Amino acid sequence: MRLCFCFFLMIIFSASAYDPLDPNGNITIKWDIMSWTADGYVATVTMNNFQIYRHIQSPGWTLGWAWAKKEVIWSMVGAQATEQGDCSKFKGNVPHCCKKTPTVVDLLPGVPYNQQISNCCKGGVVGAWGQDPSSAVSQFQVSVGLAGTTNKTVKLPKNFTLLGPGPGYTCGPAKIVPSTVFLTTDKRRKTQALMTWNVTCTYSQFLARKHPSCCVSFSSFYNDTITPCPSCACGCENKRSCVKADSKILTKKGLNTPRKDNAPLLQCTHHMCPIRVHWHVKTNYKDYWRVKIAITNFNYRMNHTLWTLAVQHPNLNNVTQVFSFDYKSVAPYGSINDTGMFFGTKFYNDLLMEAGPSGNVQSEVLLQKDQKTFTFKQGWAFPRKVYFNGDECMLPPPDSYPFLPNSARGSLASLSTLSLTILVLVLISVG
């Protein structure tokens, strides 16, 4: 029975770590030993975020591991250990960190140049690969002592952990891979690392939090009904500490300052979600239809840099124009092109501000119809899945979607006929 229960748990965790819209998404941490030292080695550690629409936002990543032997960190460039630990046995040169299980964070922007390395010092913020590959990498250099000094005597670190910035990531064991090959600046010579190992970390929303962090609401031009987010969609634990939109507490200084424990300060709503995505079917044309997407932040203590919105809908295979967001098609299964990623335009709306008058971003999307599949019936015009910053949002139940009235189809046709009749009469009167 215990064996069956453990197997059942393994199935749940593995399934929850699988993202159907980004099946190959992961964060790969690569250690390249660049040189040997008298008692160890110098390694360049590179963190690549290969997730299409999930990034690491402020306050950034935290990386931890356990040394296999009695290694110490003599020095670091581009990052730092959060604790030095007990280095009392060392005389003269004191290591940067003596802990058996060091915890490392990125340096903040603006540190002196002699403490920097390429792709470092961004406060731990790492972009999504699908949004901007150049920002989806973070690096630091570490000098390790009391370690092996050859490929045979080096012992790989173990028990890797990654916070990005909160829980949710599970890291596998370090595995030795072929040494990384580097190209010199003149591109005429190749060099390679003395030894390389990789660590792969995958994300699970199930491990990150017990409730969703966002919800979705719907509306349409053909029905006056607005389908709201489900009640307590993101849990109602913060109901007692929420703030009403007209509360005097909102005028206090320091209200928007994040807390060390990242506890939210939410605006009081029936759904109690930090983020709401609203999908409005706005206009119907002969060959096109238009949707308005609005993202609203209800958390007074958090803004969202480099935010992303992933949407699954069958008509995203024919997007004509996105007016105020940037857009990229996401085709996780090759021929099936039903998923797209929206994100903010740089220096315009790539920052979603805290809750308040400026805490929203919106755009309209024009889509071309496929006459074989297009319909307003049975909620077809609404998305199948919605992800904000890589976390799946809770959708309303299907039976609550704004429905197409029985007379609507005839009314739309009558409206077109009426417009044509008026145009003919105008032409006749002019003639």
# chains A, B, ... in the order shown; residues from 1 in each chain; ligands from 1

call {"tool": "residues_around", "arguments": {"residues": "Cys393 of chain A", "least_positions_apart": "5", "cutoff": "9 Å", "atoms": "only C-alpha atoms", "output": "MDAnalysis selection string"}}
result
chainID A and resid 212:216 233 275:277 385:388

call {"tool": "write_last_selection", "arguments": {"atoms": "N, CA, C and O atoms", "output": "mmCIF file, in the first residue's frame"}}
result
data_model
loop_
_atom_site.group_PDB
_atom_site.id
_atom_site.type_symbol
_atom_site.label_atom_id
_atom_site.label_comp_id
_atom_site.auth_asym_id
_atom_site.auth_seq_id
_atom_site.Cartn_x
_atom_site.Cartn_y
_atom_site.Cartn_z
ATOM 1 N N PRO A 212 -4.567 29.120 -7.592
ATOM 2 C CA PRO A 212 -4.120 29.900 -8.755
ATOM 3 C C PRO A 212 -3.749 31.324 -8.336
ATOM 4 O O PRO A 212 -4.153 31.802 -7.273
ATOM 5 N N SER A 213 -2.969 31.990 -9.171
ATOM 6 C CA SER A 213 -2.575 33.371 -8.884
ATOM 7 C C SER A 213 -3.266 34.362 -9.809
ATOM 8 O O SER A 213 -2.974 35.558 -9.759
ATOM 9 N N CYS A 214 -4.165 33.868 -10.645
ATOM 10 C CA CYS A 214 -4.877 34.754 -11.569
ATOM 11 C C CYS A 214 -6.185 34.097 -11.989
ATOM 12 O O CYS A 214 -6.359 32.881 -11.842
ATOM 13 N N CYS A 215 -7.085 34.914 -12.511
ATOM 14 C CA CYS A 215 -8.371 34.403 -12.973
ATOM 15 C C CYS A 215 -8.777 35.149 -14.242
ATOM 16 O O CYS A 215 -8.183 36.170 -14.597
ATOM 17 N N VAL A 216 -9.804 34.647 -14.909
ATOM 18 C CA VAL A 216 -10.230 35.187 -16.198
ATOM 19 C C VAL A 216 -11.728 35.494 -16.150
ATOM 20 O O VAL A 216 -12.514 34.716 -15.598
ATOM 21 N N ALA A 233 -11.530 32.462 -6.477
ATOM 22 C CA ALA A 233 -10.759 31.712 -7.471
ATOM 23 C C ALA A 233 -9.326 31.492 -7.019
ATOM 24 O O ALA A 233 -8.713 30.468 -7.336
ATOM 25 N N ILE A 275 -4.189 38.962 -9.951
ATOM 26 C CA ILE A 275 -4.272 39.344 -11.357
ATOM 27 C C ILE A 275 -5.594 38.852 -11.952
ATOM 28 O O ILE A 275 -5.986 37.697 -11.727
ATOM 29 N N ARG A 276 -6.230 39.746 -12.708
ATOM 30 C CA ARG A 276 -7.418 39.341 -13.476
ATOM 31 C C ARG A 276 -7.176 39.650 -14.952
ATOM 32 O O ARG A 276 -6.722 40.740 -15.310
ATOM 33 N N VAL A 277 -7.495 38.683 -15.797
ATOM 34 C CA VAL A 277 -7.427 38.861 -17.253
ATOM 35 C C VAL A 277 -8.855 38.904 -17.779
ATOM 36 O O VAL A 277 -9.634 37.987 -17.523
ATOM 37 N N LYS A 385 -7.257 28.099 -22.615
ATOM 38 C CA LYS A 385 -6.336 28.215 -21.478
ATOM 39 C C LYS A 385 -5.734 29.607 -21.476
ATOM 40 O O LYS A 385 -5.514 30.191 -22.543
ATOM 41 N N VAL A 386 -5.451 30.121 -20.273
ATOM 42 C CA VAL A 386 -4.807 31.426 -20.119
ATOM 43 C C VAL A 386 -3.737 31.299 -19.032
ATOM 44 O O VAL A 386 -3.999 30.767 -17.950
ATOM 45 N N TYR A 387 -2.525 31.771 -19.338
ATOM 46 C CA TYR A 387 -1.425 31.749 -18.374
ATOM 47 C C TYR A 387 -0.899 33.176 -18.213
ATOM 48 O O TYR A 387 -0.629 33.849 -19.206
ATOM 49 N N PHE A 388 -0.732 33.621 -16.975
ATOM 50 C CA PHE A 388 -0.078 34.897 -16.712
ATOM 51 C C PHE A 388 1.244 34.622 -16.013
ATOM 52 O O PHE A 388 1.276 33.958 -14.969
#

call {"tool": "select_by_dssp", "arguments": {"residues": "segment 34-115 of chain A", "states": "strand (DSSP E or B)", "output": "JSON list (two decimals) with N, CA, C and O atoms, in the first residue's frame"}}
result
[["chain", "number", "residue", "atom", "x", "y", "z"],
["A", 34, "MET", "N", 36.83, 26.39, -15.97],
["A", 34, "MET", "CA", 37.66, 27.12, -16.93],
["A", 34, "MET", "C", 39.15, 26.99, -16.64],
["A", 34, "MET", "O", 39.98, 27.10, -17.53],
["A", 35, "SER", "N", 39.51, 26.73, -15.37],
["A", 35, "SER", "CA", 40.92, 26.57, -15.01],
["A", 35, "SER", "C", 41.05, 25.85, -13.68],
["A", 35, "SER", "O", 40.12, 25.88, -12.85],
["A", 36, "TRP", "N", 42.19, 25.19, -13.49],
["A", 36, "TRP", "CA", 42.48, 24.56, -12.21],
["A", 36, "TRP", "C", 43.29, 25.51, -11.34],
["A", 36, "TRP", "O", 44.05, 26.34, -11.84],
["A", 41, "TYR", "N", 39.32, 24.75, -8.39],
["A", 41, "TYR", "CA", 39.06, 25.17, -9.77],
["A", 41, "TYR", "C", 38.29, 26.48, -9.80],
["A", 41, "TYR", "O", 37.72, 26.93, -8.79],
["A", 42, "VAL", "N", 38.29, 27.12, -10.97],
["A", 42, "VAL", "CA", 37.46, 28.29, -11.24],
["A", 42, "VAL", "C", 36.42, 27.90, -12.28],
["A", 42, "VAL", "O", 36.78, 27.37, -13.34],
["A", 43, "ALA", "N", 35.15, 28.12, -11.97],
["A", 43, "ALA", "CA", 34.06, 27.71, -12.86],
["A", 43, "ALA", "C", 33.17, 28.91, -13.21],
["A", 43, "ALA", "O", 32.95, 29.80, -12.38],
["A", 44, "THR", "N", 32.70, 28.90, -14.44],
["A", 44, "THR", "CA", 31.67, 29.85, -14.85],
["A", 44, "THR", "C", 30.33, 29.12, -14.81],
["A", 44, "THR", "O", 30.17, 28.07, -15.45],
["A", 45, "VAL", "N", 29.38, 29.66, -14.07],
["A", 45, "VAL", "CA", 28.06, 29.05, -13.93],
["A", 45, "VAL", "C", 27.06, 29.87, -14.75],
["A", 45, "VAL", "O", 26.93, 31.08, -14.56],
["A", 46, "THR", "N", 26.38, 29.20, -15.67],
["A", 46, "THR", "CA", 25.43, 29.87, -16.57],
["A", 46, "THR", "C", 24.04, 29.30, -16.36],
["A", 46, "THR", "O", 23.84, 28.08, -16.44],
["A", 47, "MET", "N", 23.09, 30.18, -16.11],
["A", 47, "MET", "CA", 21.70, 29.79, -15.92],
["A", 47, "MET", "C", 20.91, 30.21, -17.16],
["A", 47, "MET", "O", 20.76, 31.40, -17.44],
["A", 48, "ASN", "N", 20.44, 29.23, -17.94],
["A", 48, "ASN", "CA", 19.65, 29.51, -19.14],
["A", 48, "ASN", "C", 18.19, 29.17, -18.89],
["A", 48, "ASN", "O", 17.87, 28.04, -18.51],
["A", 49, "ASN", "N", 17.33, 30.15, -19.13],
["A", 49, "ASN", "CA", 15.89, 29.93, -18.97],
["A", 49, "ASN", "C", 15.29, 29.56, -20.33],
["A", 49, "ASN", "O", 15.06, 30.41, -21.18],
["A", 56, "ILE", "N", 11.80, 34.84, -14.49],
["A", 56, "ILE", "CA", 12.07, 35.04, -13.07],
["A", 56, "ILE", "C", 12.08, 36.54, -12.82],
["A", 56, "ILE", "O", 12.92, 37.26, -13.35],
["A", 62, "THR", "N", 17.37, 32.51, -6.53],
["A", 62, "THR", "CA", 18.24, 32.09, -5.42],
["A", 62, "THR", "C", 18.63, 30.65, -5.70],
["A", 62, "THR", "O", 17.77, 29.78, -5.85],
["A", 63, "LEU", "N", 19.93, 30.40, -5.78],
["A", 63, "LEU", "CA", 20.44, 29.07, -6.13],
["A", 63, "LEU", "C", 21.18, 28.48, -4.94],
["A", 63, "LEU", "O", 22.00, 29.15, -4.30],
["A", 64, "GLY", "N", 20.89, 27.22, -4.65],
["A", 64, "GLY", "CA", 21.57, 26.55, -3.54],
["A", 64, "GLY", "C", 22.01, 25.15, -3.94],
["A", 64, "GLY", "O", 21.50, 24.56, -4.90],
["A", 65, "TRP", "N", 22.98, 24.60, -3.21],
["A", 65, "TRP", "CA", 23.43, 23.23, -3.43],
["A", 65, "TRP", "C", 24.18, 22.76, -2.19],
["A", 65, "TRP", "O", 24.43, 23.53, -1.25],
["A", 66, "ALA", "N", 24.56, 21.50, -2.20],
["A", 66, "ALA", "CA", 25.37, 20.93, -1.11],
["A", 66, "ALA", "C", 26.67, 20.43, -1.70],
["A", 66, "ALA", "O", 26.67, 19.74, -2.73],
["A", 72, "VAL", "N", 35.08, 24.87, -0.22],
["A", 72, "VAL", "CA", 34.75, 26.25, 0.19],
["A", 72, "VAL", "C", 34.76, 27.12, -1.06],
["A", 72, "VAL", "O", 35.32, 26.75, -2.10],
["A", 73, "ILE", "N", 34.12, 28.28, -0.94],
["A", 73, "ILE", "CA", 34.14, 29.25, -2.03],
["A", 73, "ILE", "C", 35.16, 30.33, -1.67],
["A", 73, "ILE", "O", 34.96, 31.09, -0.71],
["A", 74, "TRP", "N", 36.26, 30.38, -2.44],
["A", 74, "TRP", "CA", 37.27, 31.40, -2.16],
["A", 74, "TRP", "C", 36.79, 32.79, -2.58],
["A", 74, "TRP", "O", 36.96, 33.77, -1.84],
["A", 75, "SER", "N", 36.17, 32.87, -3.75],
["A", 75, "SER", "CA", 35.71, 34.17, -4.24],
["A", 75, "SER", "C", 34.62, 33.97, -5.28],
["A", 75, "SER", "O", 34.48, 32.88, -5.85],
["A", 76, "MET", "N", 33.88, 35.05, -5.55],
["A", 76, "MET", "CA", 32.83, 35.02, -6.56],
["A", 76, "MET", "C", 32.85, 36.34, -7.34],
["A", 76, "MET", "O", 33.19, 37.39, -6.79],
["A", 77, "VAL", "N", 32.46, 36.27, -8.61],
["A", 77, "VAL", "CA", 32.30, 37.44, -9.45],
["A", 77, "VAL", "C", 30.92, 37.36, -10.09],
["A", 77, "VAL", "O", 30.57, 36.35, -10.69],
["A", 79, "ALA", "N", 28.04, 37.40, -8.50],
["A", 79, "ALA", "CA", 27.05, 36.88, -7.55],
["A", 79, "ALA", "C", 27.70, 36.85, -6.18],
["A", 79, "ALA", "O", 28.91, 37.12, -6.03],
["A", 80, "GLN", "N", 26.91, 36.49, -5.17],
["A", 80, "GLN", "CA", 27.46, 36.39, -3.82],
["A", 80, "GLN", "C", 26.67, 35.37, -3.02],
["A", 80, "GLN", "O", 25.49, 35.13, -3.27],
["A", 81, "ALA", "N", 27.39, 34.75, -2.07],
["A", 81, "ALA", "CA", 26.72, 33.86, -1.12],
["A", 81, "ALA", "C", 26.04, 34.72, -0.05],
["A", 81, "ALA", "O", 26.60, 35.73, 0.39],
["A", 97, "CYS", "N", 32.86, 31.96, 1.37],
["A", 97, "CYS", "CA", 31.80, 31.17, 2.00],
["A", 97, "CYS", "C", 32.35, 29.81, 2.39],
["A", 97, "CYS", "O", 32.99, 29.13, 1.58],
["A", 103, "THR", "N", 24.12, 29.33, -0.31],
["A", 103, "THR", "CA", 22.99, 29.91, -1.03],
["A", 103, "THR", "C", 23.50, 31.15, -1.75],
["A", 103, "THR", "O", 24.09, 32.04, -1.13],
["A", 104, "VAL", "N", 23.26, 31.21, -3.06],
["A", 104, "VAL", "CA", 23.86, 32.24, -3.90],
["A", 104, "VAL", "C", 22.77, 33.08, -4.56],
["A", 104, "VAL", "O", 21.74, 32.53, -5.00],
["A", 105, "VAL", "N", 23.00, 34.40, -4.63],
["A", 105, "VAL", "CA", 22.07, 35.31, -5.31],
["A", 105, "VAL", "C", 22.85, 36.19, -6.28],
["A", 105, "VAL", "O", 24.06, 36.40, -6.12],
["A", 106, "ASP", "N", 22.15, 36.74, -7.25],
["A", 106, "ASP", "CA", 22.74, 37.64, -8.23],
["A", 106, "ASP", "C", 23.06, 38.98, -7.56],
["A", 106, "ASP", "O", 22.42, 39.37, -6.57]]

call {"tool": "closest_residue", "arguments": {"among": "A:Gly390, A:Pro167, A:Gly92, A:Pro173", "to": "Ala208 of chain A", "atoms": "only C-alpha atoms"}}
result
A:Pro167

call {"tool": "select_by_dssp", "arguments": {"residues": "segment 222-285 of chain A", "states": "helix (DSSP H, G or I)", "output": "PyMOL selection string"}}
result
chain A and resi 248-251

call {"tool": "residues_around", "arguments": {"residues": "Gln368 of chain A", "least_positions_apart": "2", "cutoff": "10 Å", "atoms": "only C-alpha atoms", "output": "ChimeraX atom specification"}}
result
/A:285-290,315-321,366,370-371,374

call {"tool": "write_last_selection", "arguments": {"atoms": "N, CA and C atoms", "output": "mmCIF file, in the first residue's frame"}}
result
data_model
loop_
_atom_site.group_PDB
_atom_site.id
_atom_site.type_symbol
_atom_site.label_atom_id
_atom_site.label_comp_id
_atom_site.auth_asym_id
_atom_site.auth_seq_id
_atom_site.Cartn_x
_atom_site.Cartn_y
_atom_site.Cartn_z
ATOM 1 N N TYR A 285 -16.840 41.541 -37.879
ATOM 2 C CA TYR A 285 -16.832 42.026 -39.258
ATOM 3 C C TYR A 285 -17.113 40.860 -40.196
ATOM 4 N N LYS A 286 -17.115 41.140 -41.484
ATOM 5 C CA LYS A 286 -17.404 40.087 -42.451
ATOM 6 C C LYS A 286 -16.318 39.014 -42.442
ATOM 7 N N ASP A 287 -15.066 39.438 -42.527
ATOM 8 C CA ASP A 287 -13.947 38.489 -42.600
ATOM 9 C C ASP A 287 -13.064 38.498 -41.366
ATOM 10 N N TYR A 288 -13.366 39.381 -40.418
ATOM 11 C CA TYR A 288 -12.525 39.508 -39.229
ATOM 12 C C TYR A 288 -13.392 39.643 -37.983
ATOM 13 N N TRP A 289 -12.773 39.468 -36.822
ATOM 14 C CA TRP A 289 -13.427 39.785 -35.555
ATOM 15 C C TRP A 289 -12.370 40.347 -34.614
ATOM 16 N N ARG A 290 -12.815 41.122 -33.634
ATOM 17 C CA ARG A 290 -11.902 41.870 -32.776
ATOM 18 C C ARG A 290 -12.147 41.534 -31.305
ATOM 19 N N ASN A 315 -8.282 30.267 -33.089
ATOM 20 C CA ASN A 315 -8.134 31.293 -34.121
ATOM 21 C C ASN A 315 -6.833 32.091 -33.989
ATOM 22 N N LEU A 316 -5.997 31.724 -33.015
ATOM 23 C CA LEU A 316 -4.688 32.383 -32.919
ATOM 24 C C LEU A 316 -3.741 31.923 -34.028
ATOM 25 N N ASN A 317 -4.211 31.012 -34.884
ATOM 26 C CA ASN A 317 -3.421 30.628 -36.048
ATOM 27 C C ASN A 317 -3.509 31.673 -37.160
ATOM 28 N N ASN A 318 -4.336 32.710 -36.932
ATOM 29 C CA ASN A 318 -4.510 33.723 -37.976
ATOM 30 C C ASN A 318 -4.698 35.101 -37.348
ATOM 31 N N VAL A 319 -3.696 35.547 -36.587
ATOM 32 C CA VAL A 319 -3.731 36.872 -35.965
ATOM 33 C C VAL A 319 -3.315 37.909 -37.016
ATOM 34 N N THR A 320 -4.177 38.879 -37.250
ATOM 35 C CA THR A 320 -3.898 39.910 -38.254
ATOM 36 C C THR A 320 -3.110 41.071 -37.662
ATOM 37 N N GLN A 321 -3.554 41.553 -36.490
ATOM 38 C CA GLN A 321 -2.867 42.694 -35.868
ATOM 39 C C GLN A 321 -3.108 42.697 -34.370
ATOM 40 N N LEU A 366 -6.956 41.864 -33.625
ATOM 41 C CA LEU A 366 -7.773 41.636 -34.816
ATOM 42 C C LEU A 366 -7.417 40.269 -35.390
ATOM 43 N N ASP A 370 -11.732 31.960 -40.097
ATOM 44 C CA ASP A 370 -11.755 30.772 -40.930
ATOM 45 C C ASP A 370 -13.221 30.362 -41.004
ATOM 46 N N GLN A 371 -13.837 30.587 -42.144
ATOM 47 C CA GLN A 371 -15.282 30.411 -42.272
ATOM 48 C C GLN A 371 -15.727 28.981 -41.981
ATOM 49 N N PHE A 374 -15.233 29.193 -37.726
ATOM 50 C CA PHE A 374 -15.617 30.344 -36.900
ATOM 51 C C PHE A 374 -17.089 30.279 -36.498
#

call {"tool": "closest_atom_pairs", "arguments": {"of": "segment 298-405 of chain A", "to": "segment 246-251 of chain A", "cutoff": "12 Å", "atoms": "only C-alpha atoms", "output": "tab-separated table"}}
result
residue	atom	partner	partner_atom	distance
A:Asn299	CA	A:Leu250	CA	11.9
A:Tyr300	CA	A:Leu250	CA	8.8
A:Arg301	CA	A:Leu250	CA	11.3
A:Glu354	CA	A:Leu250	CA	11.8
A:Ala355	CA	A:Leu250	CA	10.2
A:Gly356	CA	A:Leu250	CA	9.2
A:Pro357	CA	A:Leu250	CA	11.8

call {"tool": "closest_residue", "arguments": {"among": "A:Gly110, A:Pro274, A:Pro230, A:Gly60", "to": "Tyr401 of chain A", "atoms": "only C-alpha atoms"}}
result
A:Pro230

call {"tool": "atom_distance", "arguments": {"atom1": "atom CA of Lys30 of chain A", "atom2": "atom CA of Cys171 of chain A"}}
result
12.5 Å

call {"tool": "closest_residue", "arguments": {"among": "A:Glu237, A:Asp224, A:Asp391, A:Glu364", "to": "Val291 of chain A", "atoms": "only C-alpha atoms"}}
result
A:Glu364

call {"tool": "residues_around", "arguments": {"residues": "Leu21 of chain A", "least_positions_apart": "6", "cutoff": "12 Å", "atoms": "only C-alpha atoms", "output": "JSON, numbers by chain"}}
result
{"A": [51, 52, 53, 54, 310, 311, 312, 313, 329, 330, 331, 332, 333, 334, 336, 337, 338, 339, 340, 341, 384, 385, 386, 387, 390, 391, 392]}

call {"tool": "write_last_selection", "arguments": {"atoms": "N, CA, C and O atoms", "output": "mmCIF file, in the first residue's frame"}}
result
data_model
loop_
_atom_site.group_PDB
_atom_site.id
_atom_site.type_symbol
_atom_site.label_atom_id
_atom_site.label_comp_id
_atom_site.auth_asym_id
_atom_site.auth_seq_id
_atom_site.Cartn_x
_atom_site.Cartn_y
_atom_site.Cartn_z
ATOM 1 N N GLN A 51 12.343 28.392 -20.842
ATOM 2 C CA GLN A 51 10.883 28.417 -20.776
ATOM 3 C C GLN A 51 10.360 29.527 -21.702
ATOM 4 O O GLN A 51 10.885 30.643 -21.704
ATOM 5 N N ILE A 52 9.335 29.218 -22.461
ATOM 6 C CA ILE A 52 8.858 30.148 -23.485
ATOM 7 C C ILE A 52 8.242 31.390 -22.861
ATOM 8 O O ILE A 52 8.505 32.515 -23.295
ATOM 9 N N TYR A 53 7.408 31.233 -21.835
ATOM 10 C CA TYR A 53 6.671 32.391 -21.316
ATOM 11 C C TYR A 53 6.734 32.521 -19.794
ATOM 12 O O TYR A 53 5.976 33.289 -19.213
ATOM 13 N N ARG A 54 7.644 31.803 -19.154
ATOM 14 C CA ARG A 54 7.790 31.939 -17.698
ATOM 15 C C ARG A 54 9.164 32.530 -17.402
ATOM 16 O O ARG A 54 10.188 31.966 -17.761
ATOM 17 N N ALA A 310 0.080 34.059 -21.945
ATOM 18 C CA ALA A 310 -0.050 32.996 -22.941
ATOM 19 C C ALA A 310 -1.515 32.597 -23.040
ATOM 20 O O ALA A 310 -2.189 32.398 -22.023
ATOM 21 N N VAL A 311 -2.011 32.485 -24.264
ATOM 22 C CA VAL A 311 -3.429 32.188 -24.508
ATOM 23 C C VAL A 311 -3.534 31.072 -25.528
ATOM 24 O O VAL A 311 -2.800 31.054 -26.529
ATOM 25 N N GLN A 312 -4.439 30.141 -25.269
ATOM 26 C CA GLN A 312 -4.730 29.080 -26.236
ATOM 27 C C GLN A 312 -6.127 29.291 -26.807
ATOM 28 O O GLN A 312 -7.113 29.332 -26.071
ATOM 29 N N HIS A 313 -6.194 29.473 -28.124
ATOM 30 C CA HIS A 313 -7.466 29.647 -28.840
ATOM 31 C C HIS A 313 -7.254 29.220 -30.284
ATOM 32 O O HIS A 313 -6.227 29.565 -30.889
ATOM 33 N N SER A 329 3.788 33.816 -31.851
ATOM 34 C CA SER A 329 3.084 32.543 -31.929
ATOM 35 C C SER A 329 3.884 31.474 -31.196
ATOM 36 O O SER A 329 5.109 31.437 -31.265
ATOM 37 N N VAL A 330 3.187 30.625 -30.467
ATOM 38 C CA VAL A 330 3.817 29.518 -29.758
ATOM 39 C C VAL A 330 3.214 28.234 -30.320
ATOM 40 O O VAL A 330 2.011 28.014 -30.198
ATOM 41 N N ALA A 331 4.039 27.421 -30.929
ATOM 42 C CA ALA A 331 3.548 26.174 -31.531
ATOM 43 C C ALA A 331 4.251 24.994 -30.874
ATOM 44 O O ALA A 331 5.227 24.460 -31.402
ATOM 45 N N PRO A 332 3.772 24.566 -29.682
ATOM 46 C CA PRO A 332 4.462 23.498 -28.967
ATOM 47 C C PRO A 332 4.414 22.155 -29.683
ATOM 48 O O PRO A 332 5.224 21.275 -29.418
ATOM 49 N N TYR A 333 3.448 21.989 -30.578
ATOM 50 C CA TYR A 333 3.308 20.708 -31.275
ATOM 51 C C TYR A 333 3.404 20.870 -32.783
ATOM 52 O O TYR A 333 2.741 20.185 -33.548
ATOM 53 N N GLY A 334 4.217 21.819 -33.222
ATOM 54 C CA GLY A 334 4.509 21.954 -34.644
ATOM 55 C C GLY A 334 3.332 22.430 -35.474
ATOM 56 O O GLY A 334 3.076 23.627 -35.568
ATOM 57 N N ILE A 336 0.150 22.274 -34.976
ATOM 58 C CA ILE A 336 -1.002 22.837 -34.251
ATOM 59 C C ILE A 336 -0.626 24.227 -33.744
ATOM 60 O O ILE A 336 0.098 24.369 -32.764
ATOM 61 N N ASN A 337 -1.123 25.245 -34.429
ATOM 62 C CA ASN A 337 -0.764 26.630 -34.087
ATOM 63 C C ASN A 337 -1.962 27.318 -33.442
ATOM 64 O O ASN A 337 -2.645 28.118 -34.057
ATOM 65 N N ASP A 338 -2.219 26.987 -32.180
ATOM 66 C CA ASP A 338 -3.385 27.549 -31.492
ATOM 67 C C ASP A 338 -3.006 28.296 -30.222
ATOM 68 O O ASP A 338 -3.874 28.622 -29.406
ATOM 69 N N THR A 339 -1.710 28.574 -30.032
ATOM 70 C CA THR A 339 -1.252 29.217 -28.801
ATOM 71 C C THR A 339 -0.388 30.417 -29.141
ATOM 72 O O THR A 339 0.440 30.359 -30.055
ATOM 73 N N GLY A 340 -0.602 31.506 -28.420
ATOM 74 C CA GLY A 340 0.183 32.711 -28.638
ATOM 75 C C GLY A 340 0.587 33.344 -27.321
ATOM 76 O O GLY A 340 -0.042 33.121 -26.275
ATOM 77 N N MET A 341 1.666 34.129 -27.358
ATOM 78 C CA MET A 341 2.154 34.816 -26.173
ATOM 79 C C MET A 341 2.109 36.321 -26.408
ATOM 80 O O MET A 341 2.686 36.833 -27.367
ATOM 81 N N ARG A 384 -9.260 28.753 -24.427
ATOM 82 C CA ARG A 384 -9.287 27.437 -23.761
ATOM 83 C C ARG A 384 -8.407 27.430 -22.518
ATOM 84 O O ARG A 384 -8.739 26.831 -21.510
ATOM 85 N N LYS A 385 -7.257 28.099 -22.615
ATOM 86 C CA LYS A 385 -6.336 28.215 -21.478
ATOM 87 C C LYS A 385 -5.734 29.607 -21.476
ATOM 88 O O LYS A 385 -5.514 30.191 -22.543
ATOM 89 N N VAL A 386 -5.451 30.121 -20.273
ATOM 90 C CA VAL A 386 -4.807 31.426 -20.119
ATOM 91 C C VAL A 386 -3.737 31.299 -19.032
ATOM 92 O O VAL A 386 -3.999 30.767 -17.950
ATOM 93 N N TYR A 387 -2.525 31.771 -19.338
ATOM 94 C CA TYR A 387 -1.425 31.749 -18.374
ATOM 95 C C TYR A 387 -0.899 33.176 -18.213
ATOM 96 O O TYR A 387 -0.629 33.849 -19.206
ATOM 97 N N GLY A 390 3.381 32.567 -16.705
ATOM 98 C CA GLY A 390 3.651 31.132 -16.654
ATOM 99 C C GLY A 390 2.751 30.337 -15.745
ATOM 100 O O GLY A 390 2.841 29.109 -15.728
ATOM 101 N N ASP A 391 1.874 30.988 -14.977
ATOM 102 C CA ASP A 391 0.933 30.276 -14.108
ATOM 103 C C ASP A 391 -0.451 30.254 -14.736
ATOM 104 O O ASP A 391 -0.946 31.290 -15.199
ATOM 105 N N GLU A 392 -1.071 29.086 -14.741
ATOM 106 C CA GLU A 392 -2.379 28.947 -15.369
ATOM 107 C C GLU A 392 -3.452 29.649 -14.539
ATOM 108 O O GLU A 392 -3.502 29.505 -13.308
#

call {"tool": "residues_around", "arguments": {"residues": "His280 of chain A", "least_positions_apart": "2", "cutoff": "10 Å", "atoms": "only C-alpha atoms", "output": "ChimeraX atom specification"}}
result
/A:217-221,226,277-278,282-283,290-294,364,381-382
